[in-house]
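Undergrad: Got my_file_36.csv for you, CSV, C-alpha atoms:
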```csv
chain,number,residue,atom,x,y,z
A,47,MET,CA,57.6,76.2,35.3
A,48,ALA,CA,54.2,77.4,36.4
A,49,GLU,CA,52.1,80.4,35.4
A,50,PHE,CA,51.4,83.2,37.8
A,51,VAL,CA,49.2,86.3,37.8
A,52,ILE,CA,51.2,89.2,39.1
A,53,LYS,CA,49.7,92.6,40.1
A,54,LEU,CA,52.3,95.4,40.1
A,55,ALA,CA,52.8,99.1,39.8
A,56,ASP,CA,55.5,100.9,37.8
A,57,GLU,CA,57.6,103.9,38.8
A,58,ARG,CA,54.7,106.2,37.8
A,59,GLY,CA,52.3,104.3,40.1
A,60,ARG,CA,50.2,102.8,37.3
A,61,VAL,CA,48.8,99.4,38.5
A,62,GLN,CA,48.5,96.5,36.1
A,63,GLU,CA,48.1,92.7,36.1
A,64,GLN,CA,50.3,90.4,34.0
A,65,VAL,CA,50.7,86.7,33.5
A,66,HIS,CA,54.3,85.2,33.6
A,67,SER,CA,55.9,81.9,34.0
A,68,ALA,CA,58.3,81.2,36.9
A,69,ALA,CA,59.6,78.4,39.0
A,70,SER,CA,57.9,79.9,42.1
A,71,ALA,CA,55.9,82.9,43.1
A,72,GLU,CA,58.8,84.2,45.1
A,73,GLU,CA,61.2,83.9,42.2
A,74,LEU,CA,58.7,86.0,40.0
A,75,ARG,CA,58.3,88.5,42.8
A,76,GLN,CA,62.1,89.0,43.1
A,77,ARG,CA,62.5,89.3,39.4
A,78,PHE,CA,60.1,92.3,39.1
A,79,THR,CA,61.2,93.9,42.4
A,80,GLN,CA,64.8,94.0,41.1
A,81,ALA,CA,63.4,95.6,37.9
A,82,GLY,CA,62.0,98.5,40.0
A,83,TYR,CA,58.4,97.5,40.2
A,84,TYR,CA,56.2,97.5,43.3
A,85,ILE,CA,54.5,94.1,43.7
A,86,TYR,CA,51.0,93.9,45.2
A,87,SER,CA,50.4,90.1,44.8
A,88,VAL,CA,51.5,87.0,43.0
A,89,LYS,CA,49.0,84.2,42.6
A,90,PRO,CA,49.0,81.0,40.7
A,91,ARG,CA,47.0,81.3,37.5
A,92,GLY,CA,43.6,79.5,37.6
A,93,LEU,CA,43.5,79.6,41.4
A,94,THR,CA,39.9,78.8,42.4
A,95,GLY,CA,37.9,80.9,44.8
A,96,ALA,CA,39.1,81.8,48.2
A,97,ARG,CA,39.0,79.2,50.9
A,98,ARG,CA,36.8,79.5,53.9
A,99,LYS,CA,37.9,82.3,56.2
A,100,THR,CA,39.3,81.6,59.6
A,101,LYS,CA,37.5,83.1,62.6
A,102,LEU,CA,39.1,86.3,63.7
A,103,GLU,CA,39.6,85.3,67.3
A,104,ALA,CA,41.4,82.0,66.3
A,105,PHE,CA,43.5,84.0,63.8
A,106,ILE,CA,44.6,86.5,66.5
A,107,ILE,CA,45.5,83.7,68.9
A,108,PHE,CA,47.6,82.0,66.1
A,109,ASN,CA,49.5,85.3,65.4
A,110,GLN,CA,50.1,85.9,69.1
A,111,GLN,CA,51.6,82.4,69.4
A,112,PHE,CA,53.6,82.9,66.1
A,113,LEU,CA,55.0,86.2,67.3
A,114,THR,CA,56.0,84.7,70.7
A,115,LEU,CA,57.8,81.8,69.0
A,116,VAL,CA,59.7,84.1,66.6
A,117,ARG,CA,60.7,86.4,69.4
A,118,ALA,CA,62.0,83.4,71.4
A,119,GLY,CA,64.4,82.7,68.5
A,120,LEU,CA,62.6,79.8,66.8
A,121,PRO,CA,62.9,79.8,63.0
A,122,ILE,CA,59.8,80.9,61.1
A,123,LEU,CA,59.4,77.6,59.3
A,124,SER,CA,59.6,75.6,62.6
A,125,SER,CA,57.1,78.0,64.2
A,126,LEU,CA,54.6,77.5,61.4
A,127,GLU,CA,55.0,73.7,61.4
A,128,MET,CA,54.5,73.6,65.2
A,129,LEU,CA,51.5,75.8,65.1
A,130,ALA,CA,49.9,73.9,62.2
A,131,LYS,CA,50.0,70.7,64.2
A,132,SER,CA,48.3,72.3,67.2
A,133,GLN,CA,45.3,73.8,65.3
A,134,LYS,CA,41.9,72.2,66.1
A,135,ASN,CA,40.3,73.7,63.0
A,136,ALA,CA,41.1,71.3,60.1
A,137,ASN,CA,40.8,73.9,57.4
A,138,PHE,CA,43.1,76.4,59.2
A,139,ALA,CA,45.6,73.6,59.9
A,140,ALA,CA,45.7,72.7,56.2
A,141,GLN,CA,46.3,76.3,55.3
A,142,LEU,CA,49.2,76.6,57.7
A,143,GLN,CA,50.7,73.4,56.5
A,144,ASN,CA,50.5,74.7,52.9
A,145,VAL,CA,52.1,78.0,54.1
A,146,ALA,CA,54.9,76.0,55.8
A,147,ALA,CA,55.5,73.9,52.6
A,148,ARG,CA,55.8,77.0,50.5
A,149,VAL,CA,58.2,78.7,52.9
A,150,ARG,CA,60.3,75.5,52.9
A,151,THR,CA,60.7,75.8,49.1
A,152,GLY,CA,62.0,79.4,49.5
A,153,GLU,CA,58.8,81.4,49.1
A,154,SER,CA,58.4,84.4,51.4
A,155,VAL,CA,55.9,84.2,54.3
A,156,SER,CA,53.7,87.0,52.9
A,157,SER,CA,53.6,85.3,49.5
A,158,ALA,CA,52.8,81.9,51.1
A,159,PHE,CA,49.9,83.3,53.1
A,160,GLU,CA,48.7,85.3,50.1
A,161,ALA,CA,48.5,82.2,48.0
A,162,GLN,CA,45.9,80.7,50.4
A,163,GLY,CA,43.3,83.2,49.4
A,164,GLY,CA,41.5,83.3,52.7
A,165,PHE,CA,43.5,85.7,54.8
A,166,PRO,CA,42.9,89.5,55.1
A,167,VAL,CA,44.7,91.6,52.5
A,168,ILE,CA,45.9,93.9,55.3
A,169,TYR,CA,47.6,90.9,56.9
A,170,THR,CA,49.6,89.8,53.9
A,171,THR,CA,50.5,93.4,53.0
A,172,THR,CA,51.7,93.9,56.6
A,173,LEU,CA,53.9,90.8,56.4
A,174,LEU,CA,55.3,92.0,53.2
A,175,ALA,CA,56.2,95.4,54.7
A,176,GLY,CA,57.8,93.6,57.6
A,177,GLU,CA,59.9,91.4,55.4
A,178,ARG,CA,61.1,94.4,53.3
A,179,SER,CA,62.0,96.5,56.3
A,180,GLY,CA,63.6,93.5,58.1
A,181,ASN,CA,61.5,94.1,61.1
A,182,LEU,CA,58.8,91.4,60.9
A,183,GLU,CA,58.4,91.1,64.7
A,184,GLU,CA,57.5,94.8,65.2
A,185,VAL,CA,55.2,94.9,62.2
A,186,LEU,CA,53.4,91.8,63.3
A,187,SER,CA,53.0,93.1,66.9
A,188,ARG,CA,51.5,96.3,65.5
A,189,TYR,CA,49.0,94.3,63.4
A,190,LEU,CA,48.0,92.3,66.5
A,191,SER,CA,47.4,95.5,68.4
A,192,PHE,CA,45.2,96.8,65.6
A,193,GLN,CA,43.2,93.6,65.4
A,194,ARG,CA,42.6,93.5,69.2
A,195,VAL,CA,41.3,97.0,69.2
A,196,ALA,CA,39.1,96.2,66.2
A,197,LEU,CA,37.8,93.0,67.7
A,198,THR,CA,37.0,94.7,71.1
A,199,PHE,CA,35.1,97.5,69.3
A,200,ARG,CA,33.2,95.1,67.2
A,201,LYS,CA,32.1,93.1,70.2
A,202,LYS,CA,30.9,96.3,71.9
A,203,LEU,CA,28.8,97.1,68.8
A,204,THR,CA,27.4,93.6,68.7
A,205,ALA,CA,26.5,93.6,72.4
A,206,SER,CA,24.7,96.9,71.9
A,207,LEU,CA,22.5,95.4,69.2
A,208,ILE,CA,21.6,92.2,70.9
A,209,TYR,CA,18.8,93.5,73.1
A,210,PRO,CA,16.9,95.4,70.4
A,211,ALA,CA,17.2,92.4,68.1
A,212,VAL,CA,15.7,90.1,70.7
A,213,LEU,CA,12.9,92.6,71.3
A,214,ILE,CA,12.1,92.9,67.6
A,215,THR,CA,12.1,89.1,67.3
A,216,LEU,CA,9.7,88.8,70.2
A,217,VAL,CA,7.4,91.4,68.6
A,218,PHE,CA,7.1,89.5,65.4
A,219,SER,CA,6.8,86.2,67.1
A,220,LEU,CA,3.9,87.5,69.3
A,221,PHE,CA,2.2,89.1,66.3
A,222,ILE,CA,2.4,85.8,64.3
A,223,PHE,CA,1.1,83.8,67.3
A,224,LEU,CA,-1.9,86.1,67.9
A,225,ILE,CA,-2.8,86.3,64.2
A,226,SER,CA,-2.3,82.6,63.4
A,227,PHE,CA,-3.6,80.9,66.6
A,228,VAL,CA,-5.6,83.3,68.8
A,229,VAL,CA,-7.6,85.2,66.2
A,230,PRO,CA,-8.9,82.0,64.4
A,231,ARG,CA,-10.3,80.7,67.7
A,232,PHE,CA,-12.3,83.9,68.2
A,233,ALA,CA,-13.5,83.7,64.6
A,234,GLN,CA,-15.0,80.3,65.3
A,235,LEU,CA,-16.7,81.7,68.4
A,236,TYR,CA,-18.3,84.6,66.6
A,237,ASP,CA,-19.5,82.3,63.7
A,238,GLN,CA,-21.4,80.3,66.3
A,239,LEU,CA,-22.9,83.4,67.9
A,240,GLY,CA,-23.9,84.9,64.6
A,241,SER,CA,-23.8,88.4,65.9
A,242,LYS,CA,-22.9,91.5,63.9
A,243,LEU,CA,-19.2,92.4,64.3
A,244,PRO,CA,-17.5,95.8,64.3
A,245,ALA,CA,-15.4,96.8,61.3
A,246,MET,CA,-12.2,96.5,63.4
A,247,THR,CA,-13.0,93.0,64.4
A,248,LEU,CA,-13.9,92.0,60.9
A,249,ALA,CA,-10.6,93.3,59.5
A,250,LEU,CA,-8.6,91.4,62.2
A,251,LEU,CA,-10.5,88.2,61.5
A,252,ALA,CA,-9.9,88.5,57.8
A,253,LEU,CA,-6.2,89.0,58.4
A,254,GLY,CA,-6.2,85.9,60.7
A,255,ASN,CA,-8.0,83.8,58.1
A,256,PHE,CA,-5.5,85.0,55.4
A,257,ALA,CA,-2.5,84.2,57.6
A,258,GLN,CA,-3.9,80.7,58.5
A,259,LYS,CA,-4.5,79.8,54.8
A,260,TYR,CA,-1.3,81.2,53.3
A,261,VAL,CA,1.3,81.0,56.1
A,262,LEU,CA,2.7,77.8,54.6
A,263,TYR,CA,3.3,79.6,51.4
A,264,ALA,CA,4.5,82.9,52.9
A,265,LEU,CA,7.4,81.3,54.9
A,266,PRO,CA,9.1,79.7,51.9
A,267,THR,CA,8.5,82.8,49.8
A,268,LEU,CA,10.0,85.0,52.5
A,269,ALA,CA,13.0,82.6,52.7
A,270,LEU,CA,13.4,82.7,48.9
A,271,VAL,CA,13.3,86.5,48.9
A,272,ILE,CA,15.9,86.7,51.6
A,273,PHE,CA,18.2,84.3,49.7
A,274,LEU,CA,17.8,86.3,46.5
A,275,VAL,CA,18.5,89.6,48.3
A,276,TYR,CA,21.6,88.0,49.9
A,277,ARG,CA,22.9,86.8,46.5
A,278,TRP,CA,22.2,90.2,45.0
A,279,SER,CA,24.1,91.9,47.9
A,280,LYS,CA,27.2,89.8,46.9
A,281,SER,CA,27.3,91.3,43.4
A,282,ASP,CA,29.0,94.6,42.8
A,283,ALA,CA,25.8,96.5,41.8
A,284,GLY,CA,23.9,95.0,44.8
A,285,ALA,CA,26.6,95.7,47.3
A,286,ASP,CA,27.0,99.3,46.1
A,287,ARG,CA,23.2,99.9,46.2
A,288,ILE,CA,22.8,98.4,49.7
A,289,ASP,CA,25.7,100.4,51.0
A,290,ARG,CA,24.2,103.6,49.6
A,291,ILE,CA,20.9,102.8,51.3
A,292,ARG,CA,22.6,102.0,54.5
A,293,ILE,CA,24.5,105.3,54.6
A,294,ARG,CA,21.3,107.3,53.9
A,295,LEU,CA,19.4,105.7,56.8
A,296,PRO,CA,18.3,108.2,59.4
A,297,LEU,CA,20.3,108.0,62.6
A,298,PHE,CA,22.1,104.7,61.7
A,299,GLY,CA,23.5,105.9,58.4
A,300,ASN,CA,25.8,108.4,60.1
A,301,ILE,CA,26.9,105.9,62.7
A,302,TRP,CA,27.8,103.4,59.9
A,303,LEU,CA,29.7,106.0,58.0
A,304,LYS,CA,31.8,107.0,61.1
A,305,TYR,CA,32.5,103.4,61.9
A,306,GLN,CA,33.9,102.8,58.4
A,307,VAL,CA,36.0,106.0,58.6
A,308,ALA,CA,37.4,104.8,61.9
A,309,LEU,CA,38.2,101.4,60.5
A,310,PHE,CA,39.9,103.0,57.4
A,311,ALA,CA,42.0,105.4,59.6
A,312,ARG,CA,43.2,102.6,61.9
A,313,THR,CA,44.0,100.3,59.0
A,314,LEU,CA,46.0,103.0,57.1
A,315,SER,CA,47.8,104.0,60.3
A,316,THR,CA,48.9,100.3,60.8
A,317,LEU,CA,50.2,100.0,57.3
A,318,LEU,CA,52.1,103.3,57.3
A,319,SER,CA,53.6,102.5,60.7
A,320,GLY,CA,54.8,99.2,59.1
A,321,GLY,CA,56.8,101.1,56.5
A,322,LEU,CA,54.5,100.7,53.5
A,323,PRO,CA,54.4,103.7,51.1
A,324,LEU,CA,51.2,105.9,51.1
A,325,VAL,CA,49.7,104.8,47.8
A,326,PRO,CA,49.9,101.0,48.4
A,327,SER,CA,48.7,101.6,51.9
A,328,LEU,CA,45.6,103.5,50.6
A,329,GLU,CA,44.8,100.8,48.1
A,330,THR,CA,45.1,98.1,50.8
A,331,ALA,CA,43.0,100.0,53.3
A,332,ALA,CA,40.3,100.6,50.6
A,333,ARG,CA,40.1,96.8,50.0
A,334,SER,CA,39.9,96.2,53.8
A,335,ILE,CA,36.7,98.1,54.6
A,336,SER,CA,33.1,97.0,54.1
A,337,SER,CA,31.6,100.2,52.8
A,338,ARG,CA,31.6,100.3,49.0
A,339,ARG,CA,31.1,104.0,48.9
A,340,ILE,CA,34.1,104.8,51.2
A,341,SER,CA,36.2,102.2,49.4
A,342,GLN,CA,35.5,103.8,46.0
A,343,ALA,CA,36.2,107.3,47.5
A,344,VAL,CA,39.6,106.1,48.8
A,345,PHE,CA,40.4,104.5,45.4
A,346,SER,CA,39.5,107.7,43.6
A,347,SER,CA,41.7,109.7,45.9
A,348,VAL,CA,44.7,107.6,45.0
A,349,GLY,CA,45.1,109.3,41.6
A,350,SER,CA,45.3,112.7,43.3
A,351,VAL,CA,47.9,111.5,45.8
A,352,ARG,CA,50.0,110.1,42.9
A,353,GLU,CA,49.9,113.6,41.3
A,354,GLY,CA,51.4,115.1,44.5
A,355,LYS,CA,48.3,116.4,46.3
A,356,GLY,CA,48.0,115.9,50.0
A,357,LEU,CA,46.0,113.0,51.5
A,358,SER,CA,43.6,115.4,53.3
A,359,THR,CA,42.9,117.4,50.1
A,360,SER,CA,42.3,114.2,48.1
A,361,LEU,CA,39.9,112.7,50.6
A,362,GLN,CA,38.1,116.0,51.0
A,363,GLY,CA,37.5,116.1,47.3
A,364,THR,CA,35.5,112.9,47.5
A,365,LYS,CA,32.9,114.6,49.6
A,366,VAL,CA,32.3,111.4,51.6
A,367,PHE,CA,34.6,111.8,54.5
A,368,PRO,CA,33.5,113.9,57.5
A,369,ALA,CA,35.1,117.3,57.6
A,370,LEU,CA,36.7,116.7,61.0
A,371,SER,CA,38.5,113.6,59.8
A,372,THR,CA,40.1,115.4,56.9
A,373,GLU,CA,41.0,118.4,59.1
A,374,MET,CA,42.8,116.1,61.6
A,375,ILE,CA,44.6,114.3,58.7
A,376,GLU,CA,45.7,117.7,57.4
A,377,VAL,CA,47.3,118.4,60.8
A,378,GLY,CA,49.0,115.0,60.8
A,379,GLU,CA,50.5,115.7,57.3
A,380,SER,CA,51.7,119.2,58.3
A,381,THR,CA,53.4,118.0,61.5
A,382,GLY,CA,54.9,114.8,59.9
A,383,ALA,CA,52.9,112.6,62.3
A,384,LEU,CA,50.3,111.1,59.9
A,385,PRO,CA,50.2,107.6,61.4
A,386,GLN,CA,49.7,108.9,64.9
A,387,MET,CA,47.0,111.4,63.8
A,388,LEU,CA,45.2,108.6,61.9
A,389,ASN,CA,45.1,106.6,65.2
A,390,SER,CA,43.6,109.7,66.9
A,391,VAL,CA,41.0,109.9,64.1
A,392,ALA,CA,40.1,106.3,64.6
A,393,GLU,CA,39.9,106.6,68.4
A,394,PHE,CA,37.7,109.8,68.1
A,395,PHE,CA,35.2,108.3,65.7
A,396,GLU,CA,35.1,104.9,67.5
A,397,GLU,CA,34.1,106.7,70.7
A,398,ASP,CA,31.7,108.9,68.8
A,399,VAL,CA,30.1,105.8,67.2
A,400,GLN,CA,29.8,104.1,70.6
A,401,THR,CA,28.2,107.2,72.2
A,402,ALA,CA,25.7,107.6,69.3
A,403,LEU,CA,24.8,104.0,69.3
A,404,THR,CA,24.2,103.9,73.0
A,405,ALA,CA,21.9,107.0,72.7
A,406,ALA,CA,20.1,105.5,69.7
A,407,MET,CA,19.5,102.2,71.6
A,408,SER,CA,18.2,104.1,74.6
A,409,LEU,CA,15.5,105.6,72.3
A,410,ILE,CA,14.8,102.5,70.2
A,411,GLU,CA,14.3,100.0,73.0
A,412,PRO,CA,11.3,101.9,74.7
A,413,ALA,CA,9.9,102.6,71.2
A,414,ILE,CA,9.9,98.9,70.4
A,415,LEU,CA,8.2,98.2,73.8
A,416,ILE,CA,5.6,100.9,73.1
A,417,VAL,CA,4.9,99.4,69.6
A,418,MET,CA,4.6,95.9,71.0
A,419,GLY,CA,2.2,97.1,73.7
A,420,ALA,CA,0.1,99.1,71.2
A,421,MET,CA,-0.1,96.2,68.8
A,422,VAL,CA,-1.3,93.8,71.6
A,423,LEU,CA,-3.8,96.3,72.9
A,424,VAL,CA,-5.3,96.9,69.4
A,425,ILE,CA,-5.6,93.1,68.8
A,426,LEU,CA,-7.3,92.6,72.2
A,427,ILE,CA,-9.7,95.4,71.7
A,428,ALA,CA,-10.7,94.1,68.3
A,429,LEU,CA,-11.2,90.6,69.7
A,430,TYR,CA,-13.2,91.5,72.8
A,431,LEU,CA,-15.2,94.5,71.5
A,432,PRO,CA,-18.1,92.3,70.2
A,433,LEU,CA,-18.3,90.6,73.6
A,434,PHE,CA,-18.5,93.9,75.4
A,435,SER,CA,-21.1,95.1,72.9
A,436,MET,CA,-23.2,92.0,73.5
A,437,ALA,CA,-22.9,92.3,77.2
A,438,SER,CA,-24.0,95.9,77.1
A,439,ALA,CA,-27.0,95.0,74.9
A,440,SER,CA,-28.0,92.2,77.3
A,441,ASN,CA,-27.8,94.5,80.3
A,442,PHE,CA,-29.8,97.2,78.5
A,443,ARG,CA,-32.6,94.7,77.9
```
Just dump the structure as C-alpha cells.

TA:
Amino acid sequence: MAEFVIKLADERGRVQEQVHSAASAEELRQRFTQAGYYIYSVKPRGLTGARRKTKLEAFIIFNQQFLTLVRAGLPILSSLEMLAKSQKNANFAAQLQNVAARVRTGESVSSAFEAQGGFPVIYTTTLLAGERSGNLEEVLSRYLSFQRVALTFRKKLTASLIYPAVLITLVFSLFIFLISFVVPRFAQLYDQLGSKLPAMTLALLALGNFAQKYVLYALPTLALVIFLVYRWSKSDAGADRIDRIRIRLPLFGNIWLKYQVALFARTLSTLLSGGLPLVPSLETAARSISSRRISQAVFSSVGSVREGKGLSTSLQGTKVFPALSTEMIEVGESTGALPQMLNSVAEFFEEDVQTALTAAMSLIEPAILIVMGAMVLVILIALYLPLFSMASASNFR
C-alpha cells in the first residue's frame, strides 16, 4: 500500500486535499468517485518537483500520432509503448515509458500522465473528461485543434517581436562600443593636445572613462540582478507584482490582457466541449493561463458560479475582464451555446491582439531607429566639437 495526496470536491463544490493509502492511484480515484466526489488529481505523497517540460511542438506531434494509432484500432497501451520507443528526447521517452507501465497495471491514462508532473493541467483534465464520457478520441482531437491554434498564434506574436528586439540589441551594442572603445581613444587625443574642451565633450569623456574602469564589474552585477529578479518572479509575490506592472504598461498592457483573455476563453471552450462541468473547467482554465491577475479573477468567480450566478455576471464582478468579453459570454449562456461563443471570444481577441501588436510595432520600429540615430549623432558631435573649434580658431588667426 502506498500513500497518495488526493484533491477532490464534494457535492457542494468545496475543494480539499486529503492523504489516503491505496494500492494504486486509480484504485483511490475509483473509491472516491463511487462515493460521489469529483476528483481533480491523485499524486503519490512526497512526489518531488515536476520533471522538465516537453517542448510544445514535440508534444503536439506525439498526440497526433497517438490519436492516429488509437483511431486505427490499436490498443492504448500498445500505442504508448510504440511511441515511447520512437521518441528522440530521452526525458520524454522515459515519461512515456512510465505512463505505459502505469497503464499496464490498471491505472487510467489521465492519472498516469498526471503522475509525471510535467504535462499541462489542461491535457490531463481533457483526458479525464474523455475517459469519463467514453469518447477519448474526439476529446483528444479537440485538444489538438486547440493547441495548434495556440501554437500558431504564439509563433505570430514571437515573429512580430523579433525585429524590435534585434534593433534594441543593436542600439545597446552600438552604445557600449562607442562609450567603451571610441570615446577613450578621443580622450587620449585631447589629453595630448591639452586644449580646453566643451562641457558636452567633458561629460562624454567622463562617461567613457567610467565605463572603461567599471565595465568588468558592471556586467557581473547586471547578470546577478537579472538572476535575482528572475528568481523573485518565480515566487507568488514576485509573479503577482510583475503581472500587475505588465498589465499597467501603456500600449502593451492592454495587448497582454486581451491575449490572456483569449487564451482563457479558448481553454474553457475546449474543456466544456469535452464534457467537463463548468466549475472544474474554470479552475483548470485558471491554472492554465500565465497572468496571475486574470487567474485570481477566475478563481474568485468560481464561488459565485457555485452559488448559481451566471458565468458572465461572475466574471464581470471581478472588474478585470473586458466588457465585450463578458457581454459575448452572456449571449452564449442565454442561447445555450457557451463553448461556441467562448471560441468566438478567443478568435475576436486574438485578431484584436494581432492588429494592435502590428500597429504598435509599426510605431516602435521607427522610434528605435530615431533614438539610435540621435544617440550616435550626439556622441559624434561631442567628440568632434573640439576639433571643429580648434580648426575655426586656427583659421581665424

Undergrad: Hey, what's within 12 Å of Gln193 of chain A if we count all atoms listed in the file and toss same-chain stuff fewer than 5 positions away? As a PyMOL selection string, please?

TA: chain A and resi 102-107+109-110+166+168-169+186-188+198-200+309+312-313+316

Undergrad: Sort by chain and increasing residue number a table of all residues of segment 228-311 of chain A within 12 Å of segment 368-388 of chain A, each with its closest pair of atoms and their distance in Å to one decimal, counting only C-alpha atoms, and write it as a tab-separated table.

TA:
```
residue	atom	partner	partner_atom	distance
A:Asn300	CA	A:Pro368	CA	9.8
A:Ile301	CA	A:Pro368	CA	11.6
A:Leu303	CA	A:Pro368	CA	8.8
A:Lys304	CA	A:Pro368	CA	8.0
A:Tyr305	CA	A:Pro368	CA	11.4
A:Gln306	CA	A:Pro368	CA	11.1
A:Val307	CA	A:Ser371	CA	8.1
A:Ala308	CA	A:Leu388	CA	8.7
A:Leu309	CA	A:Leu388	CA	10.1
A:Phe310	CA	A:Leu388	CA	8.9
A:Ala311	CA	A:Leu388	CA	5.1
```

Undergrad: Name the closest residue to Ile293 of chain A among the candidates A:Leu197, A:Leu270, A:Leu357, A:Val366; distances are taken between atoms, counting only C-alpha atoms.

TA: A:Val366

Undergrad: Compare A:Phe108, A:Phe192, A:Tyr86, A:Tyr236 by their minimum atom-to-atom distance to Gly320 of chain A, counting all atoms listed in the file, and give me the closest one.

TA: A:Phe192

Undergrad: Give me, please, the distance in Å between atom CA of Ile425 of chain A and atom CA of Pro210 of chain A, quoted to one decimal.

TA: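 Pair atom CA of Ile425 of chain A / atom CA of Pro210 of chain A returns 22.7 Å.
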
Undergrad: Quick one, how far is atom CA of Thr204 of chain A from atom CA of Ile410 of chain A?

TA: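 Separating atom CA of Thr204 of chain A from atom CA of Ile410 of chain A is a distance of 15.5 Å.
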
Undergrad: Using Å and a single decimal, report how far atom CA of Ile288 of chain A sits from atom CA of Leu274 of chain A.

TA: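 According to the coordinates, atom CA of Leu274 of chain A and atom CA of Ile288 of chain A are separated by 13.5 Å.
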
Undergrad: Give as JSON, numbers by chain each residue that has an atom at most 8 Å from (54.3, 78.5, 50.1) in the file, counting only C-alpha atoms.

TA: {"A": [144, 145, 146, 147, 148, 149, 150, 151, 152, 153, 154, 155, 157, 158, 159, 161]}

Undergrad: Once you have the residues from the selection above, write them out as an mmCIF file, keeping the file's coordinate frame, restricted to C-alpha atoms.

TA:
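And here's result16.cif as it stands now:
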```cif
data_model
loop_
_atom_site.group_PDB
_atom_site.id
_atom_site.type_symbol
_atom_site.label_atom_id
_atom_site.label_comp_id
_atom_site.auth_asym_id
_atom_site.auth_seq_id
_atom_site.Cartn_x
_atom_site.Cartn_y
_atom_site.Cartn_z
ATOM 1 C CA ASN A 144 50.500 74.700 52.900
ATOM 2 C CA VAL A 145 52.100 78.000 54.100
ATOM 3 C CA ALA A 146 54.900 76.000 55.800
ATOM 4 C CA ALA A 147 55.500 73.900 52.600
ATOM 5 C CA ARG A 148 55.800 77.000 50.500
ATOM 6 C CA VAL A 149 58.200 78.700 52.900
ATOM 7 C CA ARG A 150 60.300 75.500 52.900
ATOM 8 C CA THR A 151 60.700 75.800 49.100
ATOM 9 C CA GLY A 152 62.000 79.400 49.500
ATOM 10 C CA GLU A 153 58.800 81.400 49.100
ATOM 11 C CA SER A 154 58.400 84.400 51.400
ATOM 12 C CA VAL A 155 55.900 84.200 54.300
ATOM 13 C CA SER A 157 53.600 85.300 49.500
ATOM 14 C CA ALA A 158 52.800 81.900 51.100
ATOM 15 C CA PHE A 159 49.900 83.300 53.100
ATOM 16 C CA ALA A 161 48.500 82.200 48.000
#
```

Undergrad: Find the residues around Asp286 of chain A up to 12 Å (only C-alpha atoms counted), leave out those fewer than 2 positions away in its own chain, and share them as a ChimeraX atom specification.

TA: /A:278-284,288-293,336-342

Undergrad: Compile the contact shell of Met418 of chain A as a PyMOL selection string: residues with an atom at most 9 Å away, counting all atoms listed in the file, same-chain residues fewer than 2 positions apart removed.

TA: chain A and resi 213-214+216-218+220-221+413-416+420-423

Undergrad: Which residue, A:Leu322, A:Val417, A:Leu328, A:Val275, has the smallest gap to Tyr84 of chain A when you use only C-alpha atoms?

TA: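 When distances to Tyr84 of chain A are compared using only C-alpha atoms, the smallest one comes from A:Leu322.
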
Undergrad: What lies within 9 Å of Pro432 of chain A using all atoms listed in the file, ignoring chain neighbours under 6 positions off, as a PyMOL selection string?

TA: chain A and resi 236+241-244+247

Undergrad: If you keep C-alpha atoms, can you produce a file of those selected residues as an mmCIF file, in the frame of the given file?

TA:
```
data_model
loop_
_atom_site.group_PDB
_atom_site.id
_atom_site.type_symbol
_atom_site.label_atom_id
_atom_site.label_comp_id
_atom_site.auth_asym_id
_atom_site.auth_seq_id
_atom_site.Cartn_x
_atom_site.Cartn_y
_atom_site.Cartn_z
ATOM 1 C CA TYR A 236 -18.300 84.600 66.600
ATOM 2 C CA SER A 241 -23.800 88.400 65.900
ATOM 3 C CA LYS A 242 -22.900 91.500 63.900
ATOM 4 C CA LEU A 243 -19.200 92.400 64.300
ATOM 5 C CA PRO A 244 -17.500 95.800 64.300
ATOM 6 C CA THR A 247 -13.000 93.000 64.400
#
```

Undergrad: List every protein, DNA or RNA residue that has at least one atom no more than 8 Å from (50.7, 92.1, 58.1) in the file's coordinates, counting all atoms listed in the file, and write the result as a VMD selection string.

TA: chain A and resid 156 168 to 176 185 to 186 189 317

Undergrad: Write the residues of the selection above to a file with C-alpha atoms, as a JSON list (two decimals), keeping the file's coordinate frame.

TA:
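Here's the written file selection_39.json:
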```json
[["chain", "number", "residue", "atom", "x", "y", "z"],
["A", 156, "SER", "CA", 53.70, 87.00, 52.90],
["A", 168, "ILE", "CA", 45.90, 93.90, 55.30],
["A", 169, "TYR", "CA", 47.60, 90.90, 56.90],
["A", 170, "THR", "CA", 49.60, 89.80, 53.90],
["A", 171, "THR", "CA", 50.50, 93.40, 53.00],
["A", 172, "THR", "CA", 51.70, 93.90, 56.60],
["A", 173, "LEU", "CA", 53.90, 90.80, 56.40],
["A", 174, "LEU", "CA", 55.30, 92.00, 53.20],
["A", 175, "ALA", "CA", 56.20, 95.40, 54.70],
["A", 176, "GLY", "CA", 57.80, 93.60, 57.60],
["A", 185, "VAL", "CA", 55.20, 94.90, 62.20],
["A", 186, "LEU", "CA", 53.40, 91.80, 63.30],
["A", 189, "TYR", "CA", 49.00, 94.30, 63.40],
["A", 317, "LEU", "CA", 50.20, 100.00, 57.30]]
```

Undergrad: Give the answer as one residue: which of A:Phe367, A:Phe395, A:Tyr209, A:Tyr263 has the shortest atom-to-atom distance to Glu411 of chain A, using only C-alpha atoms?

TA: A:Tyr209
